[in-house]
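Visitor: My questions all concern the structure below.
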Amino acid sequence: MKNFDIQLDEEYAQKLAYIQQEADQDTVEAIKSSIELRYQG
């Protein structure tokens, strides 16, 4: 497993928080889901 240290500006931090809330996911799961959606598309 790889570890990533990222910094998000306020806009993307809010977007990530929205995705987490809507999908009821923690940060890692929300990011994984987003990557999967893009990878399939």
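Labels for the structure tokens follow display order: chains A, B, ..., residues from 1 in each chain, ligands from 1.
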Please identify all polymer residues within 10 Å of Ala30 in chain A, counting only C-alpha atoms, omitting same-chain residues fewer than 2 positions from it, and present them as JSON, numbers by chain.
Guide: {"A": [16, 17, 18, 19, 20, 21, 22, 23, 24, 25, 26, 27, 28, 32, 33, 34, 35, 36]}
Visitor: Would you return as a ChimeraX atom specification the members of chain A that DSSP assigns to alpha helix (DSSP H) on this structure's backbone?
Guide: /A:10-23,27-40
Visitor: Can you write just those residues out, N, CA and C atoms, as a PDB file, in the first residue's frame?
Guide:
ATOM      1  N   GLU A  10      -9.237  25.068  -0.119  1.00  0.00           N
ATOM      2  CA  GLU A  10     -10.534  25.055   0.569  1.00  0.00           C
ATOM      3  C   GLU A  10     -11.655  24.520  -0.314  1.00  0.00           C
ATOM      4  N   GLU A  11     -11.640  24.865  -1.599  1.00  0.00           N
ATOM      5  CA  GLU A  11     -12.687  24.405  -2.519  1.00  0.00           C
ATOM      6  C   GLU A  11     -12.721  22.882  -2.600  1.00  0.00           C
ATOM      7  N   TYR A  12     -11.551  22.263  -2.778  1.00  0.00           N
ATOM      8  CA  TYR A  12     -11.511  20.811  -2.908  1.00  0.00           C
ATOM      9  C   TYR A  12     -11.724  20.109  -1.575  1.00  0.00           C
ATOM     10  N   ALA A  13     -11.320  20.726  -0.488  1.00  0.00           N
ATOM     11  CA  ALA A  13     -11.592  20.163   0.830  1.00  0.00           C
ATOM     12  C   ALA A  13     -13.097  20.113   1.075  1.00  0.00           C
ATOM     13  N   GLN A  14     -13.806  21.158   0.661  1.00  0.00           N
ATOM     14  CA  GLN A  14     -15.261  21.186   0.803  1.00  0.00           C
ATOM     15  C   GLN A  14     -15.924  20.155  -0.103  1.00  0.00           C
ATOM     16  N   LYS A  15     -15.421  20.019  -1.309  1.00  0.00           N
ATOM     17  CA  LYS A  15     -15.972  19.028  -2.234  1.00  0.00           C
ATOM     18  C   LYS A  15     -15.765  17.609  -1.697  1.00  0.00           C
ATOM     19  N   LEU A  16     -14.600  17.344  -1.154  1.00  0.00           N
ATOM     20  CA  LEU A  16     -14.335  16.029  -0.578  1.00  0.00           C
ATOM     21  C   LEU A  16     -15.247  15.775   0.618  1.00  0.00           C
ATOM     22  N   ALA A  17     -15.434  16.775   1.457  1.00  0.00           N
ATOM     23  CA  ALA A  17     -16.322  16.629   2.609  1.00  0.00           C
ATOM     24  C   ALA A  17     -17.748  16.342   2.150  1.00  0.00           C
ATOM     25  N   TYR A  18     -18.174  16.984   1.076  1.00  0.00           N
ATOM     26  CA  TYR A  18     -19.515  16.745   0.525  1.00  0.00           C
ATOM     27  C   TYR A  18     -19.641  15.302   0.041  1.00  0.00           C
ATOM     28  N   ILE A  19     -18.649  14.835  -0.711  1.00  0.00           N
ATOM     29  CA  ILE A  19     -18.670  13.457  -1.214  1.00  0.00           C
ATOM     30  C   ILE A  19     -18.715  12.471  -0.050  1.00  0.00           C
ATOM     31  N   GLN A  20     -17.905  12.717   0.974  1.00  0.00           N
ATOM     32  CA  GLN A  20     -17.889  11.839   2.139  1.00  0.00           C
ATOM     33  C   GLN A  20     -19.261  11.779   2.800  1.00  0.00           C
ATOM     34  N   GLN A  21     -19.884  12.932   2.955  1.00  0.00           N
ATOM     35  CA  GLN A  21     -21.190  12.979   3.610  1.00  0.00           C
ATOM     36  C   GLN A  21     -22.256  12.297   2.760  1.00  0.00           C
ATOM     37  N   GLU A  22     -22.284  12.589   1.491  1.00  0.00           N
ATOM     38  CA  GLU A  22     -23.304  12.024   0.601  1.00  0.00           C
ATOM     39  C   GLU A  22     -23.173  10.511   0.469  1.00  0.00           C
ATOM     40  N   ALA A  23     -21.943  10.015   0.447  1.00  0.00           N
ATOM     41  CA  ALA A  23     -21.709   8.587   0.252  1.00  0.00           C
ATOM     42  C   ALA A  23     -21.526   7.847   1.575  1.00  0.00           C
ATOM     43  N   THR A  27     -12.509   9.325   4.379  1.00  0.00           N
ATOM     44  CA  THR A  27     -11.695   9.998   3.367  1.00  0.00           C
ATOM     45  C   THR A  27     -11.099   9.019   2.365  1.00  0.00           C
ATOM     46  N   VAL A  28     -10.511   7.945   2.847  1.00  0.00           N
ATOM     47  CA  VAL A  28      -9.869   6.975   1.957  1.00  0.00           C
ATOM     48  C   VAL A  28     -10.877   6.353   1.001  1.00  0.00           C
ATOM     49  N   GLU A  29     -12.027   5.955   1.522  1.00  0.00           N
ATOM     50  CA  GLU A  29     -13.039   5.333   0.660  1.00  0.00           C
ATOM     51  C   GLU A  29     -13.588   6.327  -0.359  1.00  0.00           C
ATOM     52  N   ALA A  30     -13.771   7.568   0.029  1.00  0.00           N
ATOM     53  CA  ALA A  30     -14.267   8.580  -0.903  1.00  0.00           C
ATOM     54  C   ALA A  30     -13.272   8.803  -2.035  1.00  0.00           C
ATOM     55  N   ILE A  31     -11.998   8.844  -1.710  1.00  0.00           N
ATOM     56  CA  ILE A  31     -10.974   9.020  -2.744  1.00  0.00           C
ATOM     57  C   ILE A  31     -10.894   7.798  -3.644  1.00  0.00           C
ATOM     58  N   LYS A  32     -10.934   6.608  -3.055  1.00  0.00           N
ATOM     59  CA  LYS A  32     -10.914   5.384  -3.865  1.00  0.00           C
ATOM     60  C   LYS A  32     -12.103   5.329  -4.820  1.00  0.00           C
ATOM     61  N   SER A  33     -13.274   5.666  -4.331  1.00  0.00           N
ATOM     62  CA  SER A  33     -14.471   5.655  -5.176  1.00  0.00           C
ATOM     63  C   SER A  33     -14.350   6.641  -6.323  1.00  0.00           C
ATOM     64  N   SER A  34     -13.812   7.817  -6.031  1.00  0.00           N
ATOM     65  CA  SER A  34     -13.627   8.826  -7.067  1.00  0.00           C
ATOM     66  C   SER A  34     -12.639   8.362  -8.131  1.00  0.00           C
ATOM     67  N   ILE A  35     -11.561   7.720  -7.695  1.00  0.00           N
ATOM     68  CA  ILE A  35     -10.579   7.191  -8.641  1.00  0.00           C
ATOM     69  C   ILE A  35     -11.220   6.115  -9.511  1.00  0.00           C
ATOM     70  N   GLU A  36     -11.982   5.220  -8.911  1.00  0.00           N
ATOM     71  CA  GLU A  36     -12.638   4.162  -9.677  1.00  0.00           C
ATOM     72  C   GLU A  36     -13.598   4.732 -10.721  1.00  0.00           C
ATOM     73  N   LEU A  37     -14.357   5.740 -10.353  1.00  0.00           N
ATOM     74  CA  LEU A  37     -15.279   6.364 -11.300  1.00  0.00           C
ATOM     75  C   LEU A  37     -14.525   6.935 -12.499  1.00  0.00           C
ATOM     76  N   ARG A  38     -13.426   7.606 -12.256  1.00  0.00           N
ATOM     77  CA  ARG A  38     -12.640   8.208 -13.332  1.00  0.00           C
ATOM     78  C   ARG A  38     -11.961   7.128 -14.168  1.00  0.00           C
ATOM     79  N   TYR A  39     -11.449   6.106 -13.516  1.00  0.00           N
ATOM     80  CA  TYR A  39     -10.741   5.047 -14.210  1.00  0.00           C
ATOM     81  C   TYR A  39     -11.667   4.295 -15.164  1.00  0.00           C
ATOM     82  N   GLN A  40     -12.915   4.096 -14.769  1.00  0.00           N
ATOM     83  CA  GLN A  40     -13.886   3.396 -15.602  1.00  0.00           C
ATOM     84  C   GLN A  40     -14.415   4.260 -16.740  1.00  0.00           C
TER      85      GLN A  40
END
